[in-house]
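Participant: Attaching a single structure in structure tokens format; questions to follow.
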Amino acid sequence: MLFGDHWNARVHYLETEGVTMTGSADGIDETYVVELLKELVATNSVNPTIGRGPGEAAIARLVHDRLSSIDGLEVRMQPVADGRSNVVAILKGSGGGRSLMLNGHMDTVGVDGMIIDPFTSAIQDGLLHGRGACDMKGALAAMMGAVKSVIDSRIRLRGDVIFSAVVDEEYKSLGITKLVQEYKADAAVVGEPTDMKVATTHKGFVWIEIEVKGKAAHGSVPEKGVDAIAHAAKIMLAIEKLQQQLSSKVHPLLGTPKIHASTVQGGTDWSIIPERCVLRLERRTLPGETVADAMTEIEAILQSIKRETPDFNATVHSPYDMAPLETDASEKIVQTTQAALAESTGTLAPVIGVPYWTDGALLSSMGSIPTCLFGPGDIGVAHSADEYVSLKNVFTSARVYRGIIRMYCS
């Protein structure tokens, strides 16, 4: 059974599926949140670089317009590049308090291979389905609902609240890079899907490209050539051994570093010995590991193969990398987020690490802002063929964000 447009029917359906709709629970206007979330998911914001989508222009206008309709917010579009803009809304405090940034991204990955209509915002069994529902429009709607609730409830704050919805997180984080050039805060919460837990750390990554050069020859006389693909295979065997070595490094929340092959390109025809092969690898780094560390590992592999294979010829470089995130659990924002979660759920959850990368790393490293992650959704369904988010968890997240604002900025 799916919802129609009539609100009472939606309320009845959610209640029969175990999701209680109270209209305004703990100051959160759940009607506003669910209707906003449906609009956000129905708006195609596929990243134009990685998913051949229209980008964030339409959803940025939607977010801007919805925020502008809330009295007491200073709302603006922050141009980033090529018609793509962040949306920033500030709730000014009376002064003398801590400032807080609530952050999320508006772009999504592509929709190829999805088994549902990605933009219908269908609700079934208490779950809202559609591209971006989990990653991370559920959190965006919850954050906006929390800010609205604080204003509607006339909660007095001394510190400023900065809501920021950014572009391009799914590719090269152009949005967050631009944001931290202009906006600062004493702390930040990023609404990535953490399955309703508080995350303080995640891995970084290094993209590594290795070009192996061989010598073309007729396939009937392979001894007259140098097989670049065969030499690339030697590298892959060494990468397997490297992963075993990396397993000796263990982070208490993140586990071990990882390395994997992403793409292999080589050869030109059936009867030609390949003169070129390009390997692309991704190395996931722990806090404390650097790009130089990752590159040194690969260079050592290439040198070892060269000593054993005189005609081996390969070069390596890193076209892109991002740092890890690690925020101390003693930071005020971490403790406040835990307290707000406990207040809303009755459970004091331990901090966790997450396996994926987020803009939180740049808020921390480039913006020097203590940052943690908290949001509805399971990363296992983000980017999936049937992406969805639990409305119950979206509403709970809104209450948690409201609690964070009240505790941190008062």
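Ordered as shown in the structure tokens, chains take letters A, B, and onward, while each chain numbers its residues from 1 and ligands are numbered from 1 in the order shown.
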Any idea what's packed within 10 Å of Pro48 in chain A, counting only C-alpha atoms, ignoring anything in its chain fewer than 5 positions away? Could you give it as a list in words?

Facilitator: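 In the requested format, the answer is Gly53, Pro54, Gly55, Glu56, Asp107, Thr108, Val109, Gly110, Asp168 and Tyr171 of chain A.
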
Participant: Give me, as CSV, each residue of range 133-230 of chain A that comes within 12 Å of range 301-304 of chain A, together with its shortest interatomic pair and the distance in Å at one decimal, counting only C-alpha atoms, with rows ordered by chain and rising residue number.

Facilitator:
```
residue,atom,partner,partner_atom,distance
A:Ile210,CA,A:Leu302,CA,9.5
A:Glu211,CA,A:Leu302,CA,10.9
A:Val212,CA,A:Leu302,CA,10.0
```

Participant: Residues near Gly353 in chain A, anyone? I mean within 8 Å using only C-alpha atoms, not counting same-chain ones fewer than 6 positions away, as a list in words.

Facilitator: Ala199, Thr200, Thr201, His202, Leu253 and Leu254 of chain A

Participant: Can you write just those residues out, C-alpha atoms, as a PDB file, in the first residue's frame?

Facilitator:
```
ATOM      1  CA  ALA A 199      30.314   8.850  14.571  1.00  0.00           C
ATOM      2  CA  THR A 200      33.571  10.653  15.296  1.00  0.00           C
ATOM      3  CA  THR A 201      35.936   9.174  12.740  1.00  0.00           C
ATOM      4  CA  HIS A 202      36.209   7.775   9.237  1.00  0.00           C
ATOM      5  CA  LEU A 253      36.890   2.282  15.632  1.00  0.00           C
ATOM      6  CA  LEU A 254      37.857   1.864  11.967  1.00  0.00           C
TER       7      LEU A 254
END
```

Participant: Give me the residues near range 331-337 of chain A as a VMD selection string, where near means some atom within 12 Å (using only C-alpha atoms) and where sequence neighbours in that chain fewer than 5 positions away do not count.

Facilitator: chain A and resid 98 to 102 185 to 191 196 to 201 326 342 to 344 348 to 352 369 to 375 397 399 to 410

Participant: How would the residues just picked look written out with C-alpha atoms as an mmCIF file, in the first residue's frame?

Facilitator:
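Result file follows (part.cif):
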```cif
data_model
loop_
_atom_site.group_PDB
_atom_site.id
_atom_site.type_symbol
_atom_site.label_atom_id
_atom_site.label_comp_id
_atom_site.auth_asym_id
_atom_site.auth_seq_id
_atom_site.Cartn_x
_atom_site.Cartn_y
_atom_site.Cartn_z
ATOM 1 C CA ARG A 98 28.780 28.772 20.964
ATOM 2 C CA SER A 99 27.997 28.631 17.242
ATOM 3 C CA LEU A 100 26.880 25.390 15.596
ATOM 4 C CA MET A 101 26.825 24.293 11.968
ATOM 5 C CA LEU A 102 24.376 21.665 10.757
ATOM 6 C CA ALA A 185 31.540 27.677 13.614
ATOM 7 C CA ASP A 186 32.612 26.345 16.993
ATOM 8 C CA ALA A 187 31.410 22.878 16.019
ATOM 9 C CA ALA A 188 29.578 20.998 13.290
ATOM 10 C CA VAL A 189 27.297 18.008 12.874
ATOM 11 C CA VAL A 190 27.110 16.363 9.444
ATOM 12 C CA GLY A 191 23.914 14.400 8.809
ATOM 13 C CA MET A 196 21.223 6.697 14.518
ATOM 14 C CA LYS A 197 24.642 6.509 16.164
ATOM 15 C CA VAL A 198 27.247 9.211 16.807
ATOM 16 C CA ALA A 199 30.314 8.850 14.571
ATOM 17 C CA THR A 200 33.571 10.653 15.296
ATOM 18 C CA THR A 201 35.936 9.174 12.740
ATOM 19 C CA GLU A 326 39.045 11.927 13.690
ATOM 20 C CA ALA A 342 19.977 9.875 24.885
ATOM 21 C CA GLU A 343 17.334 12.490 25.658
ATOM 22 C CA SER A 344 15.322 11.494 22.585
ATOM 23 C CA LEU A 348 23.358 6.491 25.673
ATOM 24 C CA ALA A 349 25.022 5.152 22.549
ATOM 25 C CA PRO A 350 28.813 4.782 22.271
ATOM 26 C CA VAL A 351 30.676 6.659 19.563
ATOM 27 C CA ILE A 352 31.500 4.742 16.393
ATOM 28 C CA ILE A 369 35.830 22.886 13.135
ATOM 29 C CA PRO A 370 35.346 19.977 15.585
ATOM 30 C CA THR A 371 32.936 17.718 13.714
ATOM 31 C CA CYS A 372 30.892 14.601 14.332
ATOM 32 C CA LEU A 373 28.382 12.698 12.210
ATOM 33 C CA PHE A 374 24.822 11.801 13.060
ATOM 34 C CA GLY A 375 21.873 11.007 10.857
ATOM 35 C CA SER A 397 16.834 12.686 14.132
ATOM 36 C CA ARG A 399 14.393 15.814 17.707
ATOM 37 C CA VAL A 400 18.080 15.018 18.232
ATOM 38 C CA TYR A 401 19.203 17.961 16.058
ATOM 39 C CA ARG A 402 16.795 20.198 17.978
ATOM 40 C CA GLY A 403 18.310 18.967 21.230
ATOM 41 C CA ILE A 404 21.839 19.596 19.987
ATOM 42 C CA ILE A 405 20.931 23.156 19.064
ATOM 43 C CA ARG A 406 19.272 23.812 22.403
ATOM 44 C CA MET A 407 22.107 22.315 24.466
ATOM 45 C CA TYR A 408 25.055 23.614 22.483
ATOM 46 C CA CYS A 409 23.971 27.136 21.580
ATOM 47 C CA SER A 410 22.114 28.219 24.733
#
```

Participant: Taking only C-alpha atoms into account, which of A:Leu127, A:Ile176, A:Leu157, A:Leu62 comes nearest Val80 in chain A?

Facilitator: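 Ranking A:Leu127, A:Ile176, A:Leu157, A:Leu62 by distance to Val80 in chain A, first place goes to A:Ile176.
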
Participant: Between A:Thr358, A:Thr315, A:Ser384, A:Ser365, which residue has the minimum interatomic distance to Gly214 in chain A, considering only C-alpha atoms?

Facilitator: A:Thr315

Participant: Where does DSSP see strand (DSSP E) in range 116-364 of chain A, if you list the residues as a PyMOL selection string?

Facilitator: chain A and resi 123-124+127-129+161-166+187-190+198-202+204-213+258-266+276-285+314-322+325-326+351-354

Participant: Kindly save the residues from that selection, with C-alpha atoms included, as a PDB file, in the first residue's frame.

Facilitator:
```
ATOM      1  CA  ILE A 123       6.203   5.522   1.208  1.00  0.00           C
ATOM      2  CA  GLN A 124       5.664   1.893   2.140  1.00  0.00           C
ATOM      3  CA  LEU A 127       9.955   3.730   4.727  1.00  0.00           C
ATOM      4  CA  LEU A 128      10.301   6.535   2.195  1.00  0.00           C
ATOM      5  CA  HIS A 129      11.910   5.266  -1.005  1.00  0.00           C
ATOM      6  CA  VAL A 161      23.003  28.220  14.232  1.00  0.00           C
ATOM      7  CA  ILE A 162      24.272  27.846  10.673  1.00  0.00           C
ATOM      8  CA  PHE A 163      22.448  25.415   8.401  1.00  0.00           C
ATOM      9  CA  SER A 164      24.410  24.603   5.259  1.00  0.00           C
ATOM     10  CA  ALA A 165      23.304  22.493   2.297  1.00  0.00           C
ATOM     11  CA  VAL A 166      26.209  21.991  -0.080  1.00  0.00           C
ATOM     12  CA  ALA A 187      31.410  22.878  16.019  1.00  0.00           C
ATOM     13  CA  ALA A 188      29.578  20.998  13.290  1.00  0.00           C
ATOM     14  CA  VAL A 189      27.297  18.008  12.874  1.00  0.00           C
ATOM     15  CA  VAL A 190      27.110  16.363   9.444  1.00  0.00           C
ATOM     16  CA  VAL A 198      27.247   9.211  16.807  1.00  0.00           C
ATOM     17  CA  ALA A 199      30.314   8.850  14.571  1.00  0.00           C
ATOM     18  CA  THR A 200      33.571  10.653  15.296  1.00  0.00           C
ATOM     19  CA  THR A 201      35.936   9.174  12.740  1.00  0.00           C
ATOM     20  CA  HIS A 202      36.209   7.775   9.237  1.00  0.00           C
ATOM     21  CA  GLY A 204      40.440   8.997   4.143  1.00  0.00           C
ATOM     22  CA  PHE A 205      41.394   7.852   0.676  1.00  0.00           C
ATOM     23  CA  VAL A 206      44.172   8.136  -1.904  1.00  0.00           C
ATOM     24  CA  TRP A 207      43.551   7.486  -5.582  1.00  0.00           C
ATOM     25  CA  ILE A 208      46.613   5.916  -7.202  1.00  0.00           C
ATOM     26  CA  GLU A 209      47.246   5.530 -10.934  1.00  0.00           C
ATOM     27  CA  ILE A 210      49.996   3.253 -12.225  1.00  0.00           C
ATOM     28  CA  GLU A 211      50.980   3.276 -15.900  1.00  0.00           C
ATOM     29  CA  VAL A 212      52.816   0.139 -17.017  1.00  0.00           C
ATOM     30  CA  LYS A 213      54.716   0.460 -20.297  1.00  0.00           C
ATOM     31  CA  LYS A 258      42.291  -1.070   2.785  1.00  0.00           C
ATOM     32  CA  ILE A 259      43.543  -1.105  -0.788  1.00  0.00           C
ATOM     33  CA  HIS A 260      41.731  -2.381  -3.866  1.00  0.00           C
ATOM     34  CA  ALA A 261      41.882  -2.221  -7.656  1.00  0.00           C
ATOM     35  CA  SER A 262      39.312   0.111  -9.191  1.00  0.00           C
ATOM     36  CA  THR A 263      39.911  -0.163 -12.941  1.00  0.00           C
ATOM     37  CA  VAL A 264      42.297  -1.920 -15.340  1.00  0.00           C
ATOM     38  CA  GLN A 265      42.762  -0.701 -18.904  1.00  0.00           C
ATOM     39  CA  GLY A 266      45.192  -2.209 -21.388  1.00  0.00           C
ATOM     40  CA  ARG A 276      50.404  -0.205 -22.170  1.00  0.00           C
ATOM     41  CA  CYS A 277      48.259  -1.002 -19.130  1.00  0.00           C
ATOM     42  CA  VAL A 278      46.857   1.439 -16.573  1.00  0.00           C
ATOM     43  CA  LEU A 279      45.864   0.331 -13.086  1.00  0.00           C
ATOM     44  CA  ARG A 280      43.781   2.557 -10.852  1.00  0.00           C
ATOM     45  CA  LEU A 281      43.808   1.743  -7.163  1.00  0.00           C
ATOM     46  CA  GLU A 282      42.127   3.188  -4.104  1.00  0.00           C
ATOM     47  CA  ARG A 283      43.896   3.170  -0.739  1.00  0.00           C
ATOM     48  CA  ARG A 284      41.674   3.857   2.291  1.00  0.00           C
ATOM     49  CA  THR A 285      43.764   5.542   4.979  1.00  0.00           C
ATOM     50  CA  ALA A 314      56.017   1.604 -14.589  1.00  0.00           C
ATOM     51  CA  THR A 315      55.312   5.062 -13.205  1.00  0.00           C
ATOM     52  CA  VAL A 316      52.885   6.052 -10.458  1.00  0.00           C
ATOM     53  CA  HIS A 317      51.102   9.207  -9.339  1.00  0.00           C
ATOM     54  CA  SER A 318      48.132  10.216  -7.201  1.00  0.00           C
ATOM     55  CA  PRO A 319      45.527  12.381  -8.970  1.00  0.00           C
ATOM     56  CA  TYR A 320      43.342  12.937  -5.900  1.00  0.00           C
ATOM     57  CA  ASP A 321      43.152  12.318  -2.169  1.00  0.00           C
ATOM     58  CA  MET A 322      41.108  13.242   0.884  1.00  0.00           C
ATOM     59  CA  LEU A 325      38.298  12.467  10.021  1.00  0.00           C
ATOM     60  CA  GLU A 326      39.045  11.927  13.690  1.00  0.00           C
ATOM     61  CA  VAL A 351      30.676   6.659  19.563  1.00  0.00           C
ATOM     62  CA  ILE A 352      31.500   4.742  16.393  1.00  0.00           C
ATOM     63  CA  GLY A 353      33.606   5.015  13.253  1.00  0.00           C
ATOM     64  CA  VAL A 354      32.103   4.700   9.781  1.00  0.00           C
TER      65      VAL A 354
END
```

Participant: DSSP on the backbone, then: every residue of range 134-371 of chain A marked helix (DSSP H, G or I), written as a PyMOL selection string.

Facilitator: chain A and resi 134-152+174-182+222-224+228-246+291-308+332-345+360-365

Participant: Restricting the calculation to only C-alpha atoms, which member of A:Trp357, A:Pro274, A:His383, A:Glu308 is positioned closest to Val46 in chain A?

Facilitator: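 For Val46 in chain A, the nearest of the candidates is A:His383.
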
Participant: By how many Å are CA of Leu391 in chain A and CA of Glu35 in chain A apart?

Facilitator: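 Between these atoms lies a distance of 11.1 Å.
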
Participant: Any idea what's packed within 8 Å of Ile235 in chain A, counting only C-alpha atoms, ignoring anything in its chain fewer than 2 positions away? Could you give it as a list in words?

Facilitator: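 Answer for this query is His231, Ala232, Ala233, Leu237, Ala238, Ile239, Ile301, Leu302 and Ile305 of chain A.
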
Participant: Take the selection from the previous step and output its residues with C-alpha atoms, as a compact mmCIF listing (two decimals), in the first residue's frame.

Facilitator:
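part_1.txt, freshly written:
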```txt
# COMPACT_ATOMS: atom_id res chain seq x y z
CA HIS A 231 53.59 -6.92 -15.75
CA ALA A 232 50.50 -5.24 -14.32
CA ALA A 233 49.44 -8.65 -13.02
CA LEU A 237 49.73 -9.98 -6.83
CA ALA A 238 51.88 -7.63 -4.76
CA ILE A 239 48.81 -5.57 -3.85
CA ILE A 301 56.34 -2.65 -4.87
CA LEU A 302 57.36 -1.24 -8.24
CA ILE A 305 59.31 -5.96 -9.34
```

Participant: Kindly give the distance, in Å, that separates CA of Asn44 in chain A and CA of Asp125 in chain A, rounded to a single decimal.

Facilitator: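 Those two atoms sit 23.6 Å apart.
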